[in-house]
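Printed here is coords-v5.cif (mmCIF, C-alpha atoms and all ligand atoms):
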data_start
loop_
_atom_site.label_atom_id
_atom_site.label_comp_id
_atom_site.auth_asym_id
_atom_site.auth_seq_id
_atom_site.Cartn_x
_atom_site.Cartn_y
_atom_site.Cartn_z
CA MET A 1387 25.70 -63.51 8.70
CA PRO A 1388 26.02 -66.51 6.39
CA GLY A 1389 26.86 -65.56 2.83
CA PHE A 1390 25.75 -69.02 1.70
CA GLU A 1391 22.16 -67.89 2.10
CA LEU A 1392 22.58 -65.79 -1.01
CA PHE A 1393 24.61 -68.18 -3.17
CA GLY A 1394 23.70 -67.62 -6.81
CA ASP A 1395 24.62 -66.98 -10.43
CA LEU A 1396 27.70 -64.87 -9.73
CA GLU A 1397 29.23 -67.66 -7.61
CA ARG A 1398 28.41 -70.22 -10.31
CA LYS A 1399 30.00 -68.06 -13.01
CA GLU A 1400 33.26 -67.60 -11.12
CA VAL A 1401 33.49 -71.33 -10.33
CA ASN A 1402 32.76 -72.22 -13.96
CA ASP A 1403 35.61 -69.96 -15.08
CA VAL A 1404 37.93 -72.20 -13.09
CA LEU A 1405 36.34 -75.43 -14.26
CA ASP A 1406 36.61 -74.30 -17.88
CA ASN A 1407 40.38 -74.65 -17.86
CA GLY A 1408 40.74 -77.14 -15.04
CA VAL A 1409 43.49 -75.35 -13.13
CA ILE A 1410 42.06 -75.60 -9.65
CA MET A 1411 45.33 -74.81 -7.91
CA ARG A 1412 46.23 -71.22 -7.11
CA TYR A 1413 49.94 -71.37 -8.01
CA GLY A 1414 51.65 -72.23 -11.30
CA PHE A 1415 50.28 -73.69 -14.54
CA ASP A 1416 50.39 -70.20 -16.05
CA GLY A 1417 49.91 -71.41 -19.63
CA MET A 1418 46.84 -73.52 -18.97
CA ARG A 1419 44.83 -71.16 -16.80
CA LYS A 1420 43.72 -68.67 -19.48
CA GLY A 1421 44.45 -65.72 -17.27
CA HIS A 1422 42.30 -66.93 -14.39
CA TRP A 1423 43.92 -66.17 -11.05
CA LYS A 1424 40.97 -66.27 -8.66
CA ALA A 1425 43.00 -66.38 -5.43
CA LYS A 1426 45.15 -63.44 -6.55
CA GLU A 1427 42.06 -61.50 -7.61
CA LEU A 1428 40.38 -62.19 -4.31
CA GLU A 1429 43.49 -61.05 -2.43
CA ALA A 1430 43.40 -57.77 -4.36
CA GLU A 1431 39.70 -57.29 -3.55
CA LEU A 1432 40.34 -57.99 0.11
CA GLN A 1433 43.17 -55.45 0.27
CA ASP A 1434 40.53 -52.94 -0.61
CA THR A 1435 37.79 -54.35 1.65
CA PHE A 1436 40.05 -54.57 4.68
CA GLN A 1437 42.16 -51.50 3.81
CA SER A 1438 45.34 -53.48 4.34
CA LYS A 1439 48.47 -53.38 2.21
CA TYR A 1440 48.87 -57.16 2.11
CA VAL A 1441 46.51 -60.11 2.11
CA GLN A 1442 47.43 -63.79 2.15
CA LEU A 1443 44.61 -66.23 1.51
CA VAL A 1444 44.83 -69.56 3.32
CA SER A 1445 42.74 -72.71 3.73
CA SER A 1446 40.70 -71.68 6.78
CA GLY A 1447 40.27 -69.12 9.53
CA THR A 1448 41.99 -71.45 11.97
CA ALA A 1449 44.94 -71.72 9.58
CA ALA A 1450 44.92 -67.91 9.29
CA VAL A 1451 45.44 -67.57 13.04
CA SER A 1452 48.31 -70.07 13.11
CA VAL A 1453 49.90 -68.55 10.01
CA ALA A 1454 49.58 -65.01 11.42
CA LEU A 1455 51.27 -65.98 14.69
CA ALA A 1456 53.99 -68.00 12.96
CA SER A 1457 54.67 -65.19 10.49
CA ALA A 1458 55.34 -62.84 13.38
CA GLY A 1459 57.65 -65.34 15.06
CA VAL A 1460 55.39 -66.71 17.81
CA GLY A 1461 56.18 -70.31 18.69
CA ALA A 1462 57.35 -72.87 21.24
CA GLY A 1463 56.87 -71.79 24.83
CA ASP A 1464 55.58 -68.31 23.97
CA GLU A 1465 52.44 -67.21 25.77
CA VAL A 1466 49.56 -65.83 23.74
CA ILE A 1467 46.77 -64.05 25.59
CA MET A 1468 43.28 -64.87 24.30
CA PRO A 1469 39.71 -64.38 25.54
CA THR A 1470 37.57 -66.95 27.41
CA PHE A 1471 34.76 -66.22 24.95
CA THR A 1472 35.77 -67.14 21.40
CA PHE A 1473 35.70 -70.18 19.16
CA VAL A 1474 37.84 -73.24 20.09
CA ALA A 1475 39.90 -72.44 16.97
CA SER A 1476 41.77 -69.70 18.87
CA PHE A 1477 43.09 -72.24 21.34
CA GLU A 1478 43.88 -74.80 18.65
CA ALA A 1479 45.75 -72.33 16.45
CA ILE A 1480 48.03 -71.30 19.31
CA MET A 1481 48.64 -74.91 20.39
CA MET A 1482 49.61 -75.90 16.87
CA LEU A 1483 52.73 -73.77 17.15
CA GLY A 1484 53.71 -75.17 20.53
CA ALA A 1485 52.76 -71.85 22.11
CA ILE A 1486 50.67 -71.53 25.28
CA PRO A 1487 47.14 -70.06 25.26
CA ILE A 1488 46.55 -67.85 28.30
CA LEU A 1489 42.82 -67.29 28.72
CA VAL A 1490 41.74 -63.95 30.09
CA ASP A 1491 38.37 -62.45 31.07
CA VAL A 1492 36.11 -60.51 28.75
CA ASP A 1493 34.09 -57.46 29.80
CA ASP A 1494 30.84 -55.79 28.75
CA THR A 1495 32.17 -55.47 25.18
CA LEU A 1496 32.28 -59.31 25.16
CA GLY A 1497 35.89 -58.85 24.08
CA LEU A 1498 39.19 -58.95 25.97
CA ASN A 1499 39.51 -56.52 28.86
CA ALA A 1500 42.70 -54.44 28.85
CA LYS A 1501 43.17 -54.54 32.64
CA ALA A 1502 42.72 -58.30 32.69
CA ILE A 1503 45.30 -58.60 29.90
CA GLU A 1504 47.80 -56.54 31.85
CA LYS A 1505 47.44 -58.81 34.88
CA ALA A 1506 48.18 -61.85 32.72
CA VAL A 1507 51.36 -60.51 31.09
CA THR A 1508 54.54 -62.42 32.00
CA PRO A 1509 58.07 -62.34 30.57
CA LYS A 1510 56.96 -65.15 28.23
CA THR A 1511 54.02 -63.22 26.72
CA LYS A 1512 54.52 -62.56 23.01
CA ALA A 1513 51.12 -61.63 21.66
CA ILE A 1514 47.59 -60.56 22.47
CA MET A 1515 45.00 -62.32 20.35
CA VAL A 1516 41.93 -60.13 20.30
CA VAL A 1517 38.80 -61.87 19.06
CA GLN A 1518 36.12 -59.56 17.69
CA MET A 1519 33.24 -61.84 18.58
CA CYS A 1520 29.77 -61.63 17.13
CA GLY A 1521 30.36 -58.58 14.96
CA SER A 1522 31.64 -56.11 17.53
CA MET A 1523 34.98 -55.33 19.12
CA ALA A 1524 37.09 -55.02 22.23
CA ASP A 1525 38.46 -51.66 23.45
CA MET A 1526 41.26 -51.58 20.91
CA ASP A 1527 42.95 -48.35 22.04
CA ALA A 1528 43.19 -49.52 25.65
CA ILE A 1529 44.56 -52.88 24.49
CA GLN A 1530 47.12 -51.17 22.25
CA VAL A 1531 48.39 -49.20 25.27
CA VAL A 1532 49.05 -52.46 27.13
CA ALA A 1533 50.65 -53.97 24.01
CA ASP A 1534 52.98 -50.98 23.56
CA LYS A 1535 53.95 -50.94 27.21
CA HIS A 1536 54.98 -54.59 27.17
CA ASP A 1537 56.12 -54.75 23.55
CA LEU A 1538 53.50 -57.31 22.51
CA LEU A 1539 52.03 -58.11 19.12
CA VAL A 1540 48.32 -57.52 18.61
CA VAL A 1541 46.72 -60.19 16.42
CA GLU A 1542 43.08 -59.62 15.63
CA ASP A 1543 40.72 -62.49 14.91
CA ALA A 1544 37.94 -60.75 12.98
CA CYS A 1545 36.41 -63.97 11.61
CA GLN A 1546 32.95 -62.99 12.88
CA ALA A 1547 33.24 -59.26 12.29
CA ILE A 1548 33.65 -58.80 8.53
CA GLY A 1549 32.45 -55.27 7.81
CA GLY A 1550 32.70 -53.86 11.33
CA THR A 1551 34.95 -50.84 11.93
CA TYR A 1552 36.88 -49.17 14.74
CA LYS A 1553 37.65 -45.47 14.40
CA GLY A 1554 37.17 -45.74 10.66
CA LYS A 1555 39.36 -48.82 10.20
CA PRO A 1556 37.94 -52.20 9.20
CA LEU A 1557 38.09 -54.69 12.07
CA GLY A 1558 40.99 -57.01 11.34
CA SER A 1559 43.13 -54.12 10.11
CA VAL A 1560 43.57 -52.49 13.52
CA GLY A 1561 46.19 -54.80 15.03
CA ASP A 1562 49.60 -55.85 13.66
CA LEU A 1563 47.96 -58.76 11.84
CA GLY A 1564 44.32 -59.65 11.25
CA CYS A 1565 42.66 -63.00 10.57
CA PHE A 1566 39.48 -63.82 8.70
CA SER A 1567 37.50 -66.96 8.01
CA PHE A 1568 35.42 -67.64 4.94
CA ASP A 1569 34.02 -70.96 6.12
CA PHE A 1570 30.47 -71.91 5.22
CA VAL A 1571 28.75 -69.86 7.94
CA LYS A 1572 30.72 -66.62 7.75
CA THR A 1573 29.51 -63.32 6.24
CA ILE A 1574 31.24 -64.12 2.99
CA THR A 1575 32.08 -67.72 2.29
CA CYS A 1576 34.50 -69.66 0.09
CA GLY A 1577 33.15 -72.99 1.37
CA GLU A 1578 36.40 -73.19 3.30
CA GLY A 1579 38.98 -70.42 3.40
CA GLY A 1580 40.67 -67.73 5.41
CA ALA A 1581 42.95 -64.72 5.14
CA VAL A 1582 45.77 -63.02 6.98
CA VAL A 1583 45.93 -59.24 6.51
CA THR A 1584 48.75 -56.90 7.53
CA ASN A 1585 50.57 -53.71 6.59
CA ASN A 1586 53.91 -55.29 7.47
CA ILE A 1587 55.72 -56.64 4.41
CA GLU A 1588 57.89 -58.99 6.41
CA TYR A 1589 54.93 -60.67 8.10
CA TYR A 1590 53.19 -60.87 4.73
CA THR A 1591 56.18 -62.42 2.96
CA ASN A 1592 56.50 -64.92 5.78
CA ALA A 1593 52.79 -65.78 5.54
CA ASP A 1594 53.04 -66.19 1.76
CA HIS A 1595 55.95 -68.64 2.03
CA TYR A 1596 54.91 -70.40 5.24
CA SER A 1597 51.44 -71.28 3.93
CA ASP A 1598 53.00 -73.01 0.88
CA HIS A 1599 55.82 -75.22 2.24
CA GLY A 1600 58.19 -72.27 2.53
CA HIS A 1601 58.33 -71.84 -1.27
CA ASP A 1602 59.81 -68.42 -2.10
CA HIS A 1603 57.40 -67.84 -5.01
CA ILE A 1604 60.10 -66.31 -7.18
CA GLY A 1605 59.83 -66.90 -10.93
CA ASN A 1606 57.20 -69.06 -12.61
CA ASP A 1607 58.63 -72.54 -12.27
CA ARG A 1608 57.52 -74.00 -8.94
CA GLY A 1609 59.97 -76.85 -9.27
CA THR A 1610 62.96 -74.54 -9.07
CA GLU A 1611 61.81 -72.44 -6.12
CA SER A 1612 63.98 -72.43 -3.03
CA HIS A 1613 62.85 -72.55 0.60
CA PRO A 1614 64.17 -69.84 2.90
CA PHE A 1615 62.52 -71.58 5.87
CA LEU A 1616 60.21 -74.38 7.03
CA GLY A 1617 56.63 -74.15 5.86
CA TYR A 1618 53.46 -76.21 5.64
CA ASN A 1619 50.49 -76.40 3.31
CA PHE A 1620 47.68 -74.03 4.21
CA ARG A 1621 46.82 -73.14 0.60
CA ILE A 1622 43.37 -72.21 -0.64
CA SER A 1623 42.21 -73.74 -3.94
CA GLU A 1624 41.09 -71.75 -6.98
CA LEU A 1625 37.59 -73.22 -6.68
CA HIS A 1626 37.21 -71.93 -3.15
CA ALA A 1627 38.72 -68.57 -4.04
CA ALA A 1628 36.32 -68.27 -6.99
CA VAL A 1629 33.31 -68.56 -4.68
CA GLY A 1630 34.84 -65.95 -2.38
CA LEU A 1631 35.48 -63.61 -5.29
CA ALA A 1632 31.80 -63.61 -6.18
CA GLN A 1633 30.82 -63.16 -2.54
CA VAL A 1634 33.17 -60.27 -1.80
CA LYS A 1635 31.66 -58.32 -4.67
CA ARG A 1636 28.29 -58.68 -3.01
CA LEU A 1637 29.56 -57.81 0.48
CA PRO A 1638 28.18 -54.22 0.54
CA LYS A 1639 24.73 -55.63 -0.17
CA PHE A 1640 25.11 -58.34 2.48
CA LEU A 1641 26.15 -55.75 5.05
CA ALA A 1642 23.24 -53.46 4.23
CA LEU A 1643 20.77 -56.34 4.66
CA GLN A 1644 22.40 -57.37 7.91
CA LYS A 1645 22.19 -53.85 9.23
CA ARG A 1646 18.54 -53.45 8.27
CA ASN A 1647 17.59 -56.73 9.96
CA PHE A 1648 19.71 -55.98 13.03
CA ASN A 1649 18.19 -52.53 13.49
CA ILE A 1650 14.62 -53.79 13.30
CA ILE A 1651 15.22 -56.37 16.03
CA LYS A 1652 17.30 -54.01 18.17
CA ALA A 1653 14.62 -51.30 18.06
CA ALA A 1654 11.97 -53.78 19.15
CA LEU A 1655 14.03 -55.18 22.04
CA SER A 1656 15.06 -51.68 23.19
CA GLN A 1657 11.57 -51.17 24.52
CA ILE A 1658 12.02 -53.87 27.16
CA PRO A 1659 13.48 -52.35 30.34
CA GLU A 1660 15.20 -55.62 31.38
CA VAL A 1661 17.15 -55.82 28.11
CA THR A 1662 20.54 -54.13 27.75
CA PHE A 1663 22.96 -54.31 24.84
CA ARG A 1664 26.67 -55.07 24.72
CA ARG A 1665 28.90 -52.01 25.00
CA VAL A 1666 30.37 -50.97 21.67
CA PRO A 1667 33.62 -49.03 22.26
CA GLU A 1668 33.64 -45.37 21.30
CA GLY A 1669 34.39 -45.03 17.60
CA GLY A 1670 33.23 -48.56 16.88
CA VAL A 1671 30.61 -49.66 14.37
CA GLU A 1672 29.29 -53.21 14.58
CA SER A 1673 29.13 -55.43 11.50
CA CYS A 1674 25.62 -56.49 12.64
CA SER A 1675 26.39 -60.17 12.05
CA PHE A 1676 24.85 -60.86 15.47
CA LEU A 1677 22.69 -58.95 17.91
CA ASN A 1678 23.91 -59.46 21.46
CA PHE A 1679 21.85 -58.45 24.42
CA SER A 1680 21.85 -59.10 28.13
CA LEU A 1681 19.21 -60.01 30.67
CA PRO A 1682 19.55 -59.33 34.37
CA ASN A 1683 21.14 -62.71 35.19
CA LEU A 1684 21.90 -66.27 34.10
CA GLU A 1685 18.50 -67.51 35.25
CA THR A 1686 16.48 -65.09 33.14
CA ALA A 1687 18.84 -65.48 30.19
CA THR A 1688 18.43 -69.26 30.33
CA LYS A 1689 14.65 -68.88 30.43
CA VAL A 1690 14.66 -66.52 27.46
CA ALA A 1691 16.92 -68.84 25.45
CA GLN A 1692 14.62 -71.75 26.26
CA GLY A 1693 11.55 -69.67 25.37
CA PHE A 1694 13.09 -68.77 22.02
CA LYS A 1695 13.76 -72.42 21.29
CA GLU A 1696 10.25 -73.52 22.17
CA GLY A 1697 8.71 -70.55 20.39
CA GLY A 1698 10.51 -71.14 17.10
CA VAL A 1699 13.01 -68.27 17.30
CA ASP A 1700 16.06 -70.07 15.94
CA ALA A 1701 19.76 -69.14 15.86
CA CYS A 1702 19.86 -67.49 19.31
CA TRP A 1703 22.24 -68.79 21.97
CA ASN A 1704 23.19 -68.30 25.56
CA TYR A 1705 26.87 -69.25 25.32
CA TYR A 1706 27.34 -70.07 29.02
CA ASN A 1707 26.75 -73.77 28.44
CA ASN A 1708 27.91 -73.83 24.84
CA ASN A 1709 30.45 -76.41 23.69
CA TRP A 1710 32.02 -74.31 20.96
CA HIS A 1711 32.43 -70.81 22.23
CA TYR A 1712 33.11 -70.65 25.93
CA ILE A 1713 35.80 -72.02 28.24
CA ARG A 1714 33.36 -73.64 30.69
CA LYS A 1715 32.66 -76.59 28.39
CA TRP A 1716 36.10 -77.09 26.94
CA GLU A 1717 36.88 -80.14 29.07
CA HIS A 1718 38.94 -81.72 26.31
CA LEU A 1719 41.28 -78.72 26.41
CA LYS A 1720 41.36 -78.37 30.19
CA ASP A 1721 42.23 -82.09 30.38
CA LEU A 1722 44.69 -81.75 27.48
CA LYS A 1723 43.19 -84.62 25.54
CA SER A 1724 45.50 -84.94 22.59
CA LEU A 1725 46.19 -87.67 20.04
CA PHE A 1726 49.90 -87.01 20.34
CA PRO A 1727 52.21 -86.05 23.21
CA ILE A 1728 52.14 -82.38 24.21
CA SER A 1729 55.44 -80.79 25.23
CA LYS A 1730 56.30 -80.51 28.90
CA GLU A 1731 56.49 -76.75 28.58
CA VAL A 1732 52.96 -76.45 27.21
CA LYS A 1733 51.57 -78.94 29.74
CA GLU A 1734 53.05 -76.93 32.59
CA GLY A 1735 52.00 -73.70 30.97
CA LEU A 1736 48.39 -74.86 30.82
CA ALA A 1737 48.16 -76.26 34.35
CA TYR A 1738 46.53 -72.98 35.47
CA LEU A 1739 43.38 -73.86 33.46
CA LYS A 1740 42.34 -76.55 35.97
CA THR A 1741 41.76 -73.98 38.68
CA ALA A 1742 41.39 -70.69 36.82
CA ASN A 1743 38.58 -68.46 38.01
CA TYR A 1744 36.60 -66.79 35.26
CA GLU A 1745 33.71 -65.43 37.26
CA VAL A 1746 33.91 -62.04 35.54
CA SER A 1747 33.47 -63.75 32.15
CA ASP A 1748 30.75 -65.98 33.65
CA TYR A 1749 28.90 -62.84 34.69
CA TYR A 1750 28.89 -61.35 31.18
CA ILE A 1751 28.45 -64.55 29.20
CA GLY A 1752 25.85 -65.97 31.59
CA ARG A 1753 23.51 -63.02 31.03
CA ASN A 1754 24.10 -62.74 27.30
CA ILE A 1755 22.01 -63.91 24.39
CA SER A 1756 23.55 -63.86 20.96
CA CYS A 1757 21.26 -63.89 17.94
CA LEU A 1758 22.53 -64.55 14.45
CA ILE A 1759 21.28 -62.02 11.91
CA LYS A 1760 20.40 -63.75 8.66
CA LEU A 1761 20.58 -62.22 5.21
CA SER A 1762 17.67 -64.10 3.66
CA TRP A 1763 14.92 -62.74 5.92
CA THR A 1764 12.44 -60.37 4.33
CA GLU A 1765 11.63 -57.18 6.17
CA ASN A 1766 8.27 -58.66 7.11
CA GLU A 1767 9.82 -61.80 8.48
CA VAL A 1768 12.22 -59.80 10.62
CA GLN A 1769 9.37 -57.72 12.00
CA GLU A 1770 7.39 -60.83 12.89
CA ARG A 1771 10.45 -62.37 14.46
CA ALA A 1772 11.13 -59.24 16.51
CA ALA A 1773 7.56 -59.16 17.81
CA LYS A 1774 7.80 -62.82 18.77
CA MET A 1775 11.07 -62.21 20.60
CA VAL A 1776 9.56 -59.30 22.54
CA ASN A 1777 6.60 -61.44 23.61
CA ILE A 1778 8.79 -64.29 24.77
CA ILE A 1779 11.14 -62.02 26.74
CA GLN A 1780 8.23 -60.18 28.35
CA SER A 1781 6.62 -63.46 29.36
CA VAL A 1782 9.73 -64.28 31.41
CA PHE A 1783 9.27 -61.12 33.46
CA ASN A 1784 5.50 -61.27 33.90
C1 LIG B 1801 34.95 -69.31 12.32
C2 LIG B 1801 35.93 -68.83 13.29
C3 LIG B 1801 37.27 -69.25 13.28
C4 LIG B 1801 37.78 -70.38 12.44
O1 LIG B 1801 37.49 -70.33 11.12
P1 LIG B 1801 37.48 -71.67 10.21
O2 LIG B 1801 37.55 -71.07 8.85
O3 LIG B 1801 36.19 -72.36 10.46
O4 LIG B 1801 38.66 -72.46 10.57
C5 LIG B 1801 38.16 -68.67 14.15
N1 LIG B 1801 37.76 -67.72 15.01
C6 LIG B 1801 36.49 -67.31 15.09
C7 LIG B 1801 36.12 -66.24 16.05
C8 LIG B 1801 35.53 -67.86 14.24
O5 LIG B 1801 34.26 -67.47 14.34
#
Give the structure from this file in structure tokens form.
Amino acid sequence: MPGFELFGDLERKEVNDVLDNGVIMRYGFDGMRKGHWKAKELEAELQDTFQSKYVQLVSSGTAAVSVALASAGVGAGDEVIMPTFTFVASFEAIMMLGAIPILVDVDDTLGLNAKAIEKAVTPKTKAIMVVQMCGSMADMDAIQVVADKHDLLVVEDACQAIGGTYKGKPLGSVGDLGCFSFDFVKTITCGEGGAVVTNNIEYYTNADHYSDHGHDHIGNDRGTESHPFLGYNFRISELHAAVGLAQVKRLPKFLALQKRNFNIIKAALSQIPEVTFRRVPEGGVESCSFLNFSLPNLETATKVAQGFKEGGVDACWNYYNNNWHYIRKWEHLKDLKSLFPISKEVKEGLAYLKTANYEVSDYYIGRNISCLIKLSWTENEVQERAAKMVNIIQSVFN
């Protein structure tokens, strides 16, 4: 997945363009910037990549999630449904708005399960935050049915699924709003950065203003802009956008490499009867940023993960005991450890987490192994790696 593996001359050239005139901010300073508008150019590229009418770049993927929700009017006391298997950022981004994260089980797609969502809907529910983890996707049609029935927004976090598609649409462009991250380890990187994509002009306009103090961005004198509403600063810089601009141009190549490497490993593991792969919903095409496979149970998955570690197969995880990606280890969130007071409404709204039962998620995440697919591996290296993985897995069953 990580675009940083292939950092090179194109990235340097784009960054140098910005350094040449010194305007490292994305707004204003029209006269000084010699026609360089890297953030704007990157937004135009991403409209194309994500087949979305509007793109707003922001400072991170986490910011993208908060900005997306805020732009669609989600805030204090609203409940947002999110999966148990994701990155802690999902939880944080919801909390930042004073909204309440409601964690719901995943299924064999490793994404949100539509039936589990339906059970969690209350009169306070405003949005479903689908997270397209590890390059694949949840059952989007089934989730849309639940969303329509209860009049809920669908926000898609496609931070780990750049390049994946569902029924011909890029992941991230399927819901009402989509969120991307371009942090250092994502498929394309800006160093730090993120984007909100949507086809809804109102959400887009809100995102544009909200991410820059509420500035209306009318005219070319920032000092005279008015503020239709409260905003904050989630801006991306021109330097970061410049790196992203180089990377997005190379995305087709990155995706082709990812796919080649993914397919070699998948073909090798397919020969092991104990190995099964995550279910990809009908009409879905994975981005191949990760290969996810399952073993019969937590015990064998733990042994395989340990075997990989000892045998030098890096970047593979069993997320069951992982601090970043799964609810089991998020004690700081379950205990609501916060530097500042949390509202009574949110505290009460999160009380369920102390006793929530996620055994369905435990079942799927406990058996799963998730392997990052790198871009820098040569075909030979991938083949050697695949053979090593097969040996280690087989040794657990012999
Ligand atoms: C990386 C990631 C984020 C957050 O992105 P940052 O740019 O690091 O803030 C959010 N959600 C998921 C699923 C991610 O993988």
Nearby residues (all atoms listed in the file) at most 6 Å from region 1459-1465 of chain A, same-chain spacing under 5 positions excluded, as a count of residues only | 7
Contacts with ligand LIG 1801 (chain B) at most 7 Å, all atoms listed in the file counted, listed as a short mmCIF file (atom, residue, chain, number, x, y, z; two decimals) with C-alpha atoms, keeping the file's coordinate frame:
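That gives us selection_7.cif:
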data_model
loop_
_atom_site.label_atom_id
_atom_site.label_comp_id
_atom_site.auth_asym_id
_atom_site.auth_seq_id
_atom_site.Cartn_x
_atom_site.Cartn_y
_atom_site.Cartn_z
CA SER A 1446 40.70 -71.68 6.78
CA GLY A 1447 40.27 -69.12 9.53
CA THR A 1448 41.99 -71.45 11.97
CA ALA A 1449 44.94 -71.72 9.58
CA THR A 1472 35.77 -67.14 21.40
CA PHE A 1473 35.70 -70.18 19.16
CA ALA A 1475 39.90 -72.44 16.97
CA SER A 1476 41.77 -69.70 18.87
CA VAL A 1517 38.80 -61.87 19.06
CA GLN A 1518 36.12 -59.56 17.69
CA MET A 1519 33.24 -61.84 18.58
CA ASP A 1543 40.72 -62.49 14.91
CA ALA A 1544 37.94 -60.75 12.98
CA CYS A 1545 36.41 -63.97 11.61
CA GLN A 1546 32.95 -62.99 12.88
CA SER A 1567 37.50 -66.96 8.01
CA PHE A 1568 35.42 -67.64 4.94
CA ASP A 1569 34.02 -70.96 6.12
CA LYS A 1572 30.72 -66.62 7.75
CA GLU A 1578 36.40 -73.19 3.30
CA GLY A 1579 38.98 -70.42 3.40
CA GLY A 1580 40.67 -67.73 5.41
#
As a PDB file with C-alpha atoms, in the frame of the given file, please: the residues near His1711 (chain A) (cut-off 8 Å, all atoms listed in the file, same-chain neighbours under 2 positions excluded).
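Written file, selection.pdb:
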ATOM      1  CA  PHE A1471      34.760 -66.220  24.950  1.00  0.00           C
ATOM      2  CA  THR A1472      35.770 -67.140  21.400  1.00  0.00           C
ATOM      3  CA  PHE A1473      35.700 -70.180  19.160  1.00  0.00           C
ATOM      4  CA  VAL A1474      37.840 -73.240  20.090  1.00  0.00           C
ATOM      5  CA  TYR A1705      26.870 -69.250  25.320  1.00  0.00           C
ATOM      6  CA  ASN A1708      27.910 -73.830  24.840  1.00  0.00           C
ATOM      7  CA  ASN A1709      30.450 -76.410  23.690  1.00  0.00           C
ATOM      8  CA  ILE A1713      35.800 -72.020  28.240  1.00  0.00           C
TER       9      ILE A1713
END
Proximity to Arg1646 (chain A) - best of A:Ala1458, A:Phe1436, A:Asn1766, A:Ala1687, only C-alpha atoms |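 Of all the options, A:Asn1766 lies closest to Arg1646 (chain A).
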How many Å separate CA of Ser1747 (chain A) from CA of Tyr1706 (chain A)?
-> 9.3 Å
Among listed residues A:Phe1726, A:Phe1570, A:Trp1703, A:Tyr1738, nearest Pro1487 (chain A) (using all atoms listed in the file) |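 Nearest to Pro1487 (chain A): A:Tyr1738.
When all atoms listed in the file are used to measure the gap to Asp1607 (chain A), the shortest distance among A:Asp1721, A:Asp1406, A:Asp1434, A:Asp1416 belongs to A:Asp1416.
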Around (54.4, -52.4, 25.5) in the file's own coordinates, what residues are found within 12 Å if you use all atoms listed in the file, given back as number ranges by chain?
-> A: 1503-1504, 1507-1509, 1511-1514, 1528-1540
Residues as selected, C-alpha atoms, written as a short mmCIF file (atom, residue, chain, number, x, y, z; two decimals), keeping the file's coordinate frame, can you do that?
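See selection35.cif below for the written result:
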data_model
loop_
_atom_site.label_atom_id
_atom_site.label_comp_id
_atom_site.auth_asym_id
_atom_site.auth_seq_id
_atom_site.Cartn_x
_atom_site.Cartn_y
_atom_site.Cartn_z
CA ILE A 1503 45.30 -58.60 29.90
CA GLU A 1504 47.80 -56.54 31.85
CA VAL A 1507 51.36 -60.51 31.09
CA THR A 1508 54.54 -62.42 32.00
CA PRO A 1509 58.07 -62.34 30.57
CA THR A 1511 54.02 -63.22 26.72
CA LYS A 1512 54.52 -62.56 23.01
CA ALA A 1513 51.12 -61.63 21.66
CA ILE A 1514 47.59 -60.56 22.47
CA ALA A 1528 43.19 -49.52 25.65
CA ILE A 1529 44.56 -52.88 24.49
CA GLN A 1530 47.12 -51.17 22.25
CA VAL A 1531 48.39 -49.20 25.27
CA VAL A 1532 49.05 -52.46 27.13
CA ALA A 1533 50.65 -53.97 24.01
CA ASP A 1534 52.98 -50.98 23.56
CA LYS A 1535 53.95 -50.94 27.21
CA HIS A 1536 54.98 -54.59 27.17
CA ASP A 1537 56.12 -54.75 23.55
CA LEU A 1538 53.50 -57.31 22.51
CA LEU A 1539 52.03 -58.11 19.12
CA VAL A 1540 48.32 -57.52 18.61
#
So, counting only C-alpha atoms, which residue among A:Tyr1712, A:Phe1783, A:Phe1393, A:Tyr1589 is closest to Tyr1750 (chain A)?
->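 Nearest candidate to Tyr1750 (chain A) out of A:Tyr1712, A:Phe1783, A:Phe1393, A:Tyr1589: A:Tyr1712.
The gap separating CA of Lys1760 (chain A) from CA of Gly1389 (chain A) is 8.9 Å, in Å to one decimal.
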Counting only C-alpha atoms, figure out which residue out of A:Lys1740, A:Leu1496, A:Asp1527, A:Ile1658 gets nearest to Asn1754 (chain A).
-> A:Leu1496
